[in-house]
file input.cif (mmCIF, C-alpha atoms and all ligand atoms)
data_structure
loop_
_atom_site.group_PDB
_atom_site.id
_atom_site.type_symbol
_atom_site.label_atom_id
_atom_site.label_comp_id
_atom_site.auth_asym_id
_atom_site.auth_seq_id
_atom_site.Cartn_x
_atom_site.Cartn_y
_atom_site.Cartn_z
ATOM 1 C CA MET H 1 50.325 59.764 63.541
ATOM 2 C CA LEU H 2 49.230 57.696 66.510
ATOM 3 C CA ILE H 3 51.415 54.787 65.447
ATOM 4 C CA HIS H 4 54.369 57.111 65.100
ATOM 5 C CA GLY H 5 53.813 58.389 68.626
ATOM 6 C CA LEU H 6 53.549 54.898 70.088
ATOM 7 C CA LEU H 7 56.702 53.843 68.287
ATOM 8 C CA SER H 8 58.621 56.751 69.760
ATOM 9 C CA VAL H 9 57.512 55.886 73.249
ATOM 10 C CA SER H 10 58.374 52.206 72.873
ATOM 11 C CA LEU H 11 61.862 53.063 71.603
ATOM 12 C CA LEU H 12 62.357 55.344 74.553
ATOM 13 C CA VAL H 13 61.306 52.689 77.021
ATOM 14 C CA SER H 14 63.251 49.868 75.406
ATOM 15 C CA GLY H 15 66.485 51.786 75.754
ATOM 16 C CA ALA H 16 67.563 52.785 72.279
ATOM 17 C CA PRO H 17 70.870 54.700 72.199
ATOM 18 C CA ALA H 18 70.585 58.139 73.781
ATOM 19 C CA GLY H 19 70.724 60.190 70.595
ATOM 20 C CA ALA H 20 68.456 57.871 68.651
ATOM 21 C CA SER H 21 65.595 57.860 71.154
ATOM 22 C CA GLN H 22 65.644 61.639 71.431
ATOM 23 C CA ALA H 23 65.651 61.996 67.627
ATOM 24 C CA LYS H 24 62.416 59.997 67.501
ATOM 25 C CA ILE H 25 60.549 62.515 69.630
ATOM 26 C CA ASP H 26 58.598 64.816 67.323
ATOM 27 C CA CYS H 27 57.759 67.974 69.259
ATOM 28 C CA ALA H 28 55.297 68.999 66.544
ATOM 29 C CA ARG H 29 53.178 66.044 67.651
ATOM 30 C CA VAL H 30 53.870 65.572 71.334
ATOM 31 C CA LYS H 31 54.131 67.938 74.290
ATOM 32 C CA CYS H 32 57.798 68.861 74.736
ATOM 33 C CA LEU H 33 59.645 70.852 77.368
ATOM 34 C CA ALA H 34 63.358 71.676 77.625
ATOM 35 C CA LEU H 35 65.050 71.719 81.012
ATOM 36 C CA THR H 36 68.225 73.815 80.889
ATOM 37 C CA PHE H 37 71.009 74.088 83.462
ATOM 38 C CA ASP H 38 73.515 76.953 83.628
ATOM 39 C CA ASP H 39 76.845 77.690 85.319
ATOM 40 C CA GLY H 40 78.389 74.195 85.527
ATOM 41 C CA PRO H 41 80.094 71.862 85.425
ATOM 42 C CA GLY H 42 80.106 71.862 89.223
ATOM 43 C CA LYS H 43 80.350 69.526 92.196
ATOM 44 C CA THR H 44 76.635 68.686 92.098
ATOM 45 C CA THR H 45 76.471 68.047 88.322
ATOM 46 C CA PRO H 46 77.298 64.292 88.452
ATOM 47 C CA ALA H 47 74.343 63.589 90.781
ATOM 48 C CA LEU H 48 72.059 65.384 88.322
ATOM 49 C CA LEU H 49 73.497 63.406 85.387
ATOM 50 C CA ASP H 50 72.870 60.160 87.340
ATOM 51 C CA LEU H 51 69.210 61.093 87.788
ATOM 52 C CA LEU H 52 68.704 62.151 84.160
ATOM 53 C CA LYS H 53 70.280 58.894 82.992
ATOM 54 C CA LYS H 54 68.074 56.813 85.271
ATOM 55 C CA GLU H 55 64.961 58.654 84.051
ATOM 56 C CA ARG H 56 66.101 58.627 80.378
ATOM 57 C CA VAL H 57 65.679 62.381 80.195
ATOM 58 C CA LYS H 58 67.810 64.690 78.041
ATOM 59 C CA ALA H 59 68.580 68.267 79.056
ATOM 60 C CA THR H 60 70.678 71.204 77.880
ATOM 61 C CA PHE H 61 73.688 72.474 79.815
ATOM 62 C CA PHE H 62 75.184 75.941 79.333
ATOM 63 C CA LEU H 63 78.765 75.578 80.548
ATOM 64 C CA VAL H 64 81.159 78.210 81.865
ATOM 65 C CA GLY H 65 84.575 77.953 80.139
ATOM 66 C CA ASN H 66 86.788 78.224 83.210
ATOM 67 C CA LYS H 67 84.728 75.542 84.957
ATOM 68 C CA VAL H 68 85.039 73.222 81.962
ATOM 69 C CA GLU H 69 88.815 73.583 82.307
ATOM 70 C CA GLU H 70 88.497 72.691 86.006
ATOM 71 C CA ARG H 71 86.217 69.672 85.411
ATOM 72 C CA PRO H 72 86.630 68.520 81.809
ATOM 73 C CA ALA H 73 85.586 64.941 82.653
ATOM 74 C CA ILE H 74 82.122 66.100 83.734
ATOM 75 C CA ALA H 75 81.699 68.098 80.516
ATOM 76 C CA ARG H 76 82.759 65.025 78.527
ATOM 77 C CA ARG H 77 80.295 62.823 80.398
ATOM 78 C CA THR H 78 77.463 65.338 79.834
ATOM 79 C CA ALA H 79 78.042 65.240 76.074
ATOM 80 C CA ARG H 80 78.530 61.458 75.978
ATOM 81 C CA GLU H 81 75.196 60.878 77.698
ATOM 82 C CA GLY H 82 73.305 62.720 74.958
ATOM 83 C CA HIS H 83 72.685 66.095 76.544
ATOM 84 C CA ALA H 84 73.039 69.268 74.497
ATOM 85 C CA ILE H 85 75.843 71.637 75.444
ATOM 86 C CA GLY H 86 75.929 75.395 75.070
ATOM 87 C CA ASN H 87 78.441 78.165 75.742
ATOM 88 C CA HIS H 88 77.814 80.345 78.848
ATOM 89 C CA THR H 89 81.000 82.465 78.434
ATOM 90 C CA TYR H 90 84.397 81.928 80.017
ATOM 91 C CA SER H 91 84.100 83.983 83.215
ATOM 92 C CA HIS H 92 80.371 84.831 83.426
ATOM 93 C CA PRO H 93 80.426 88.614 82.788
ATOM 94 C CA SER H 94 77.537 90.818 81.694
ATOM 95 C CA LEU H 95 78.379 90.840 77.969
ATOM 96 C CA PRO H 96 76.861 94.228 76.939
ATOM 97 C CA THR H 97 79.323 95.971 79.307
ATOM 98 C CA LEU H 98 82.370 94.558 77.455
ATOM 99 C CA PHE H 99 84.292 95.786 74.386
ATOM 100 C CA ASP H 100 83.843 93.773 71.178
ATOM 101 C CA ASP H 101 87.175 91.964 71.517
ATOM 102 C CA ASP H 102 86.392 90.924 75.074
ATOM 103 C CA VAL H 103 82.966 89.537 74.094
ATOM 104 C CA LEU H 104 84.649 87.567 71.299
ATOM 105 C CA ASP H 105 87.305 86.289 73.731
ATOM 106 C CA GLU H 106 84.718 85.232 76.337
ATOM 107 C CA LEU H 107 82.818 83.211 73.743
ATOM 108 C CA GLY H 108 85.888 81.985 71.829
ATOM 109 C CA ALA H 109 87.818 80.717 74.855
ATOM 110 C CA THR H 110 84.728 78.772 75.917
ATOM 111 C CA GLN H 111 84.238 77.262 72.449
ATOM 112 C CA GLU H 112 87.851 76.034 72.694
ATOM 113 C CA ALA H 113 87.489 74.680 76.246
ATOM 114 C CA ILE H 114 84.305 72.778 75.387
ATOM 115 C CA GLU H 115 85.694 71.429 72.128
ATOM 116 C CA LYS H 116 88.834 70.254 73.928
ATOM 117 C CA ALA H 117 86.776 68.500 76.613
ATOM 118 C CA THR H 118 83.991 67.028 74.480
ATOM 119 C CA GLY H 119 85.358 66.947 70.925
ATOM 120 C CA ARG H 120 82.717 69.355 69.673
ATOM 121 C CA ALA H 121 82.229 73.138 69.817
ATOM 122 C CA PRO H 122 78.686 74.292 70.701
ATOM 123 C CA SER H 123 76.274 75.975 68.304
ATOM 124 C CA MET H 124 74.348 77.779 71.067
ATOM 125 C CA PHE H 125 75.207 80.266 73.804
ATOM 126 C CA ARG H 126 73.290 81.805 76.677
ATOM 127 C CA PRO H 127 74.324 85.258 77.935
ATOM 128 C CA PRO H 128 75.009 85.463 81.704
ATOM 129 C CA TYR H 129 72.154 87.127 83.645
ATOM 130 C CA GLY H 130 70.242 87.182 80.348
ATOM 131 C CA HIS H 131 72.051 90.444 79.547
ATOM 132 C CA THR H 132 72.254 90.842 75.805
ATOM 133 C CA ASP H 133 71.709 93.228 72.876
ATOM 134 C CA ASP H 134 72.032 93.332 69.089
ATOM 135 C CA ARG H 135 75.793 93.897 69.269
ATOM 136 C CA VAL H 136 76.274 90.779 71.429
ATOM 137 C CA LEU H 137 74.126 88.752 69.026
ATOM 138 C CA HIS H 138 76.156 89.955 66.055
ATOM 139 C CA LEU H 139 79.450 89.129 67.794
ATOM 140 C CA ALA H 140 78.121 85.680 68.727
ATOM 141 C CA SER H 141 77.354 85.014 65.074
ATOM 142 C CA GLN H 142 81.100 85.403 64.380
ATOM 143 C CA HIS H 143 81.567 82.251 66.480
ATOM 144 C CA ASP H 144 78.613 80.572 64.681
ATOM 145 C CA LEU H 145 76.530 80.783 67.859
ATOM 146 C CA ALA H 146 72.767 81.100 68.189
ATOM 147 C CA GLN H 147 71.428 82.649 71.382
ATOM 148 C CA VAL H 148 69.155 80.642 73.676
ATOM 149 C CA MET H 149 67.132 82.422 76.346
ATOM 150 C CA TRP H 150 64.209 80.880 78.293
ATOM 151 C CA THR H 151 60.439 81.052 78.720
ATOM 152 C CA GLY H 152 60.552 80.564 82.481
ATOM 153 C CA THR H 153 63.164 81.138 85.194
ATOM 154 C CA THR H 154 62.852 79.364 88.519
ATOM 155 C CA LEU H 155 65.188 81.781 90.364
ATOM 156 C CA ASP H 156 66.484 78.582 91.993
ATOM 157 C CA TRP H 157 69.711 80.279 93.096
ATOM 158 C CA ASP H 158 67.585 82.589 95.247
ATOM 159 C CA LEU H 159 64.942 80.077 96.412
ATOM 160 C CA ARG H 160 67.502 77.435 97.482
ATOM 161 C CA ASP H 161 64.632 75.204 98.616
ATOM 162 C CA ALA H 162 63.779 71.977 96.776
ATOM 163 C CA ARG H 163 60.017 72.217 97.375
ATOM 164 C CA LYS H 164 59.803 75.822 96.199
ATOM 165 C CA ILE H 165 61.953 75.065 93.150
ATOM 166 C CA LYS H 166 59.701 72.145 92.224
ATOM 167 C CA ALA H 167 56.611 74.349 92.578
ATOM 168 C CA ALA H 168 58.225 77.037 90.396
ATOM 169 C CA VAL H 169 59.081 74.566 87.608
ATOM 170 C CA LEU H 170 55.581 73.098 87.610
ATOM 171 C CA ARG H 171 54.064 76.579 87.478
ATOM 172 C CA LEU H 172 56.328 77.598 84.558
ATOM 173 C CA ALA H 173 56.033 74.368 82.561
ATOM 174 C CA LYS H 174 54.259 74.763 79.222
ATOM 175 C CA ARG H 175 54.420 73.152 75.813
ATOM 176 C CA ASP H 176 57.670 74.057 73.978
ATOM 177 C CA GLY H 177 58.855 75.915 77.071
ATOM 178 C CA VAL H 178 62.512 76.387 78.049
ATOM 179 C CA ILE H 179 63.067 76.317 81.807
ATOM 180 C CA LEU H 180 66.163 77.957 83.322
ATOM 181 C CA MET H 181 67.789 76.283 86.332
ATOM 182 C CA HIS H 182 71.315 75.826 87.706
ATOM 183 C CA ASP H 183 73.020 72.471 88.249
ATOM 184 C CA THR H 184 75.312 74.297 90.674
ATOM 185 C CA VAL H 185 72.413 74.854 93.130
ATOM 186 C CA PRO H 186 72.238 71.758 95.406
ATOM 187 C CA ALA H 187 68.509 72.265 96.098
ATOM 188 C CA THR H 188 67.805 72.102 92.353
ATOM 189 C CA VAL H 189 69.527 68.739 92.038
ATOM 190 C CA LYS H 190 67.621 67.551 95.123
ATOM 191 C CA ALA H 191 64.326 68.712 93.572
ATOM 192 C CA MET H 192 64.886 67.031 90.191
ATOM 193 C CA PRO H 193 63.560 63.507 90.894
ATOM 194 C CA GLY H 194 60.203 64.956 91.960
ATOM 195 C CA ILE H 195 60.172 67.462 89.086
ATOM 196 C CA VAL H 196 60.879 64.822 86.431
ATOM 197 C CA LYS H 197 58.298 62.444 87.877
ATOM 198 C CA GLU H 198 55.553 65.087 87.918
ATOM 199 C CA LEU H 199 56.373 66.496 84.449
ATOM 200 C CA LYS H 200 56.236 62.987 82.964
ATOM 201 C CA LYS H 201 52.923 62.417 84.704
ATOM 202 C CA ARG H 202 51.624 65.588 83.043
ATOM 203 C CA GLY H 203 52.600 64.183 79.647
ATOM 204 C CA TYR H 204 55.748 66.169 78.923
ATOM 205 C CA HIS H 205 58.589 64.762 76.851
ATOM 206 C CA LEU H 206 61.752 66.256 78.303
ATOM 207 C CA VAL H 207 64.046 67.112 75.407
ATOM 208 C CA THR H 208 67.119 69.161 74.493
ATOM 209 C CA VAL H 209 66.807 72.655 73.015
ATOM 210 C CA PRO H 210 67.830 71.414 69.518
ATOM 211 C CA ALA H 211 65.110 68.738 69.745
ATOM 212 C CA LEU H 212 62.624 71.461 70.643
ATOM 213 C CA LEU H 213 63.569 73.280 67.416
ATOM 214 C CA ARG H 214 62.200 70.278 65.519
ATOM 215 C CA GLY H 215 65.365 69.420 63.683
ATOM 216 C CA LYS H 216 66.036 72.942 62.439
ATOM 217 C CA LYS H 217 69.650 73.934 63.066
ATOM 218 C CA PRO H 218 69.926 76.931 65.442
ATOM 219 C CA GLU H 219 70.854 79.851 63.209
ATOM 220 C CA PRO H 220 73.990 81.813 64.211
ATOM 221 C CA GLY H 221 73.100 85.308 65.427
ATOM 222 C CA ALA H 222 69.420 84.405 65.954
ATOM 223 C CA SER H 223 67.751 84.205 69.379
ATOM 224 C CA TYR H 224 65.541 81.357 70.639
ATOM 225 C CA PRO H 225 62.834 80.753 71.677
ATOM 226 C CA SER H 226 61.548 83.425 69.297
HETATM 227 ZN ZN ZN J 1 74.785 81.963 84.584
#
call {"tool": "encode", "arguments": {"input": "input.cif", "output": "structure tokens"}}
result
Amino acid sequence: MLIHGLLSVSLLVSGAPAGASQAKIDCARVKCLALTFDDGPGKTTPALLDLLKKERVKATFFLVGNKVEERPAIARRTAREGHAIGNHTYSHPSLPTLFDDDVLDELGATQEAIEKATGRAPSMFRPPYGHTDDRVLHLASQHDLAQVMWTGTTLDWDLRDARKIKAAVLRLAKRDGVILMHDTVPATVKAMPGIVKELKKRGYHLVTVPALLRGKKPEPGASYPS
């Protein structure tokens, strides 16, 4: 078990291909945490991707369909660099307030936009504002989507202060946690170098949501973390 752990770390450090190094991290054996970023791609996303690349950290991005159509190259880069991508609807409505057909359209148009930009349709979605119910979950399953919520929200859009955002993440961090942030909040991007450095120091492996599920495929219509 120890040897396995050491091997994973050495692969990570020696610069194995993005997907490969992440696949070697076994969250059953090491302390994992998933950083997730909603509402992009936006103007500040490339700076965040630069930092994650430099630190060899993988994250999960829940993209808004109309923004993917505005900035398809950033969505493509996000996927190419080994991050996980999820659907965050096309126009960011509160889904439980919509008719069935409109929920299906919000999710479906985003599946199409992301597939067009990255070559692959997501298997996960996150409902805007965290507003969801059984009907939304059932409709999402018709697009083969699992729901991904979070264990801790930084409220970064409200804090808008890098030091406070860093403190919030460190307070919320826990093994197998899923932290909600926004790559569209400049202060979040500014806070990330310090956040990544401190989380690594505390022994966290920063992984995608699928990696956190320990290789199990997210099940359509189910909600994570359970
Ligand atoms: Zn959102």
call {"tool": "residues_near_ligand", "arguments": {"input": "input.cif", "ligand": "ligand ZN 1 (chain J)", "cutoff": "6 Å", "atoms": "only C-alpha atoms and all ligand atoms", "output": "list in words"}}
result
Asp38, Asp39, Pro128 and Tyr129 of chain H
call {"tool": "residues_around", "arguments": {"input": "input.cif", "residues": "H:Leu213", "least_positions_apart": "4", "cutoff": "12 Å", "atoms": "only C-alpha atoms", "output": "JSON list (two decimals) with C-alpha atoms, in the coordinates of the input"}}
result
[["chain", "number", "residue", "atom", "x", "y", "z"],
["H", 23, "ALA", "CA", 65.65, 62.00, 67.63],
["H", 25, "ILE", "CA", 60.55, 62.52, 69.63],
["H", 26, "ASP", "CA", 58.60, 64.82, 67.32],
["H", 27, "CYS", "CA", 57.76, 67.97, 69.26],
["H", 28, "ALA", "CA", 55.30, 69.00, 66.54],
["H", 32, "CYS", "CA", 57.80, 68.86, 74.74],
["H", 33, "LEU", "CA", 59.64, 70.85, 77.37],
["H", 34, "ALA", "CA", 63.36, 71.68, 77.62],
["H", 148, "VAL", "CA", 69.16, 80.64, 73.68],
["H", 176, "ASP", "CA", 57.67, 74.06, 73.98],
["H", 177, "GLY", "CA", 58.86, 75.92, 77.07],
["H", 178, "VAL", "CA", 62.51, 76.39, 78.05],
["H", 207, "VAL", "CA", 64.05, 67.11, 75.41],
["H", 208, "THR", "CA", 67.12, 69.16, 74.49],
["H", 209, "VAL", "CA", 66.81, 72.66, 73.02],
["H", 217, "LYS", "CA", 69.65, 73.93, 63.07],
["H", 218, "PRO", "CA", 69.93, 76.93, 65.44],
["H", 219, "GLU", "CA", 70.85, 79.85, 63.21],
["H", 223, "SER", "CA", 67.75, 84.20, 69.38],
["H", 224, "TYR", "CA", 65.54, 81.36, 70.64],
["H", 225, "PRO", "CA", 62.83, 80.75, 71.68],
["H", 226, "SER", "CA", 61.55, 83.42, 69.30]]
call {"tool": "resolve_selection", "arguments": {"input": "input.cif", "expression": "the PyMOL selection byres (((chain H and resi 184) around 9) and not hetatm)", "output": "NGL selection string"}}
result
:H and (37-45 or 157 or 181-183 or 185-189)
call {"tool": "resolve_selection", "arguments": {"input": "input.cif", "expression": "the PyMOL selection byres (((chain H and resi 135-140) around 9) and not hetatm)", "output": "compact mmCIF listing (two decimals) with C-alpha atoms, keeping the file's coordinate frame"}}
result
# COMPACT_ATOMS: atom_id res chain seq x y z
CA LEU H 95 78.38 90.84 77.97
CA PRO H 96 76.86 94.23 76.94
CA ASP H 100 83.84 93.77 71.18
CA VAL H 103 82.97 89.54 74.09
CA LEU H 104 84.65 87.57 71.30
CA LEU H 107 82.82 83.21 73.74
CA PHE H 125 75.21 80.27 73.80
CA PRO H 127 74.32 85.26 77.94
CA THR H 132 72.25 90.84 75.81
CA ASP H 133 71.71 93.23 72.88
CA ASP H 134 72.03 93.33 69.09
CA SER H 141 77.35 85.01 65.07
CA GLN H 142 81.10 85.40 64.38
CA HIS H 143 81.57 82.25 66.48
CA ASP H 144 78.61 80.57 64.68
CA LEU H 145 76.53 80.78 67.86
CA ALA H 146 72.77 81.10 68.19
CA GLN H 147 71.43 82.65 71.38
CA PRO H 220 73.99 81.81 64.21
CA GLY H 221 73.10 85.31 65.43
CA ALA H 222 69.42 84.40 65.95
CA SER H 223 67.75 84.20 69.38
call {"tool": "closest_residue", "arguments": {"input": "input.cif", "among": "H:Ala191, H:Ile85, H:Leu155, H:Leu51", "to": "H:Arg126", "atoms": "all atoms listed in the file"}}
result
H:Ile85
call {"tool": "closest_residue", "arguments": {"input": "input.cif", "among": "H:Asp101, H:Gly108, H:Lys53, H:Thr36", "to": "H:Val169", "atoms": "all atoms listed in the file"}}
result
H:Thr36
call {"tool": "build_atoms", "arguments": {"input": "input.cif", "residues": "stretch 89-100 of chain H", "atoms": "all heavy atoms", "output": "short mmCIF file (atom, residue, chain, number, x, y, z; two decimals), in the frame of the given file"}}
result
data_model
loop_
_atom_site.label_atom_id
_atom_site.label_comp_id
_atom_site.auth_asym_id
_atom_site.auth_seq_id
_atom_site.Cartn_x
_atom_site.Cartn_y
_atom_site.Cartn_z
N THR H 89 79.82 81.59 78.31
CA THR H 89 81.00 82.46 78.43
C THR H 89 82.09 81.85 79.32
O THR H 89 81.85 80.86 80.01
CB THR H 89 80.69 83.89 78.99
OG1 THR H 89 80.44 83.81 80.40
CG2 THR H 89 79.53 84.52 78.25
N TYR H 90 83.25 82.47 79.30
CA TYR H 90 84.40 81.93 80.02
C TYR H 90 84.40 82.30 81.50
O TYR H 90 84.72 81.49 82.35
CB TYR H 90 85.70 82.41 79.37
CG TYR H 90 86.91 81.70 79.91
CD1 TYR H 90 87.23 80.42 79.45
CD2 TYR H 90 87.70 82.27 80.91
CE1 TYR H 90 88.31 79.73 79.97
CE2 TYR H 90 88.79 81.59 81.43
CZ TYR H 90 89.09 80.32 80.96
OH TYR H 90 90.16 79.64 81.48
N SER H 91 84.01 83.55 81.81
CA SER H 91 84.10 83.98 83.22
C SER H 91 82.80 84.62 83.72
O SER H 91 82.79 85.30 84.74
CB SER H 91 85.27 84.95 83.40
OG SER H 91 85.04 86.13 82.64
N HIS H 92 81.71 84.42 82.99
CA HIS H 92 80.37 84.83 83.43
C HIS H 92 80.19 86.34 83.62
O HIS H 92 79.61 86.80 84.61
CB HIS H 92 79.99 84.08 84.71
CG HIS H 92 78.51 83.87 84.86
ND1 HIS H 92 77.69 84.77 85.51
CD2 HIS H 92 77.69 82.88 84.45
CE1 HIS H 92 76.43 84.32 85.49
NE2 HIS H 92 76.41 83.17 84.86
N PRO H 93 80.65 87.17 82.67
CA PRO H 93 80.43 88.61 82.79
C PRO H 93 79.08 89.01 82.16
O PRO H 93 78.45 88.21 81.47
CB PRO H 93 81.57 89.19 81.95
CG PRO H 93 81.72 88.19 80.85
CD PRO H 93 81.39 86.83 81.44
N SER H 94 78.68 90.24 82.40
CA SER H 94 77.54 90.82 81.69
C SER H 94 78.07 91.30 80.34
O SER H 94 78.81 92.29 80.25
CB SER H 94 76.98 91.99 82.52
OG SER H 94 75.99 92.66 81.76
N LEU H 95 77.73 90.59 79.27
CA LEU H 95 78.38 90.84 77.97
C LEU H 95 78.20 92.25 77.41
O LEU H 95 79.14 92.80 76.82
CB LEU H 95 77.91 89.79 76.95
CG LEU H 95 78.40 88.36 77.21
CD1 LEU H 95 77.76 87.39 76.22
CD2 LEU H 95 79.93 88.27 77.14
N PRO H 96 77.01 92.89 77.54
CA PRO H 96 76.86 94.23 76.94
C PRO H 96 77.80 95.28 77.53
O PRO H 96 78.01 96.33 76.92
CB PRO H 96 75.39 94.59 77.23
CG PRO H 96 74.71 93.26 77.37
CD PRO H 96 75.73 92.38 78.05
N THR H 97 78.41 94.99 78.69
CA THR H 97 79.32 95.97 79.31
C THR H 97 80.74 95.85 78.74
O THR H 97 81.59 96.68 79.04
CB THR H 97 79.42 95.76 80.84
OG1 THR H 97 80.06 94.49 81.09
CG2 THR H 97 78.05 95.77 81.49
N LEU H 98 81.01 94.82 77.94
CA LEU H 98 82.37 94.56 77.46
C LEU H 98 82.62 95.15 76.06
O LEU H 98 81.69 95.32 75.28
CB LEU H 98 82.64 93.05 77.38
CG LEU H 98 82.45 92.21 78.65
CD1 LEU H 98 82.86 90.76 78.39
CD2 LEU H 98 83.26 92.78 79.81
N PHE H 99 83.90 95.41 75.75
CA PHE H 99 84.29 95.79 74.39
C PHE H 99 84.14 94.58 73.46
O PHE H 99 84.17 93.44 73.92
CB PHE H 99 85.76 96.25 74.36
CG PHE H 99 86.01 97.55 75.08
CD1 PHE H 99 86.82 97.59 76.20
CD2 PHE H 99 85.42 98.73 74.62
CE1 PHE H 99 87.04 98.80 76.87
CE2 PHE H 99 85.65 99.93 75.28
CZ PHE H 99 86.45 99.96 76.41
N ASP H 100 84.02 94.85 72.16
CA ASP H 100 83.84 93.77 71.18
C ASP H 100 84.85 92.63 71.35
O ASP H 100 84.47 91.46 71.39
CB ASP H 100 84.00 94.32 69.75
CG ASP H 100 82.81 95.18 69.31
OD1 ASP H 100 81.93 95.45 70.15
OD2 ASP H 100 82.78 95.56 68.12
#
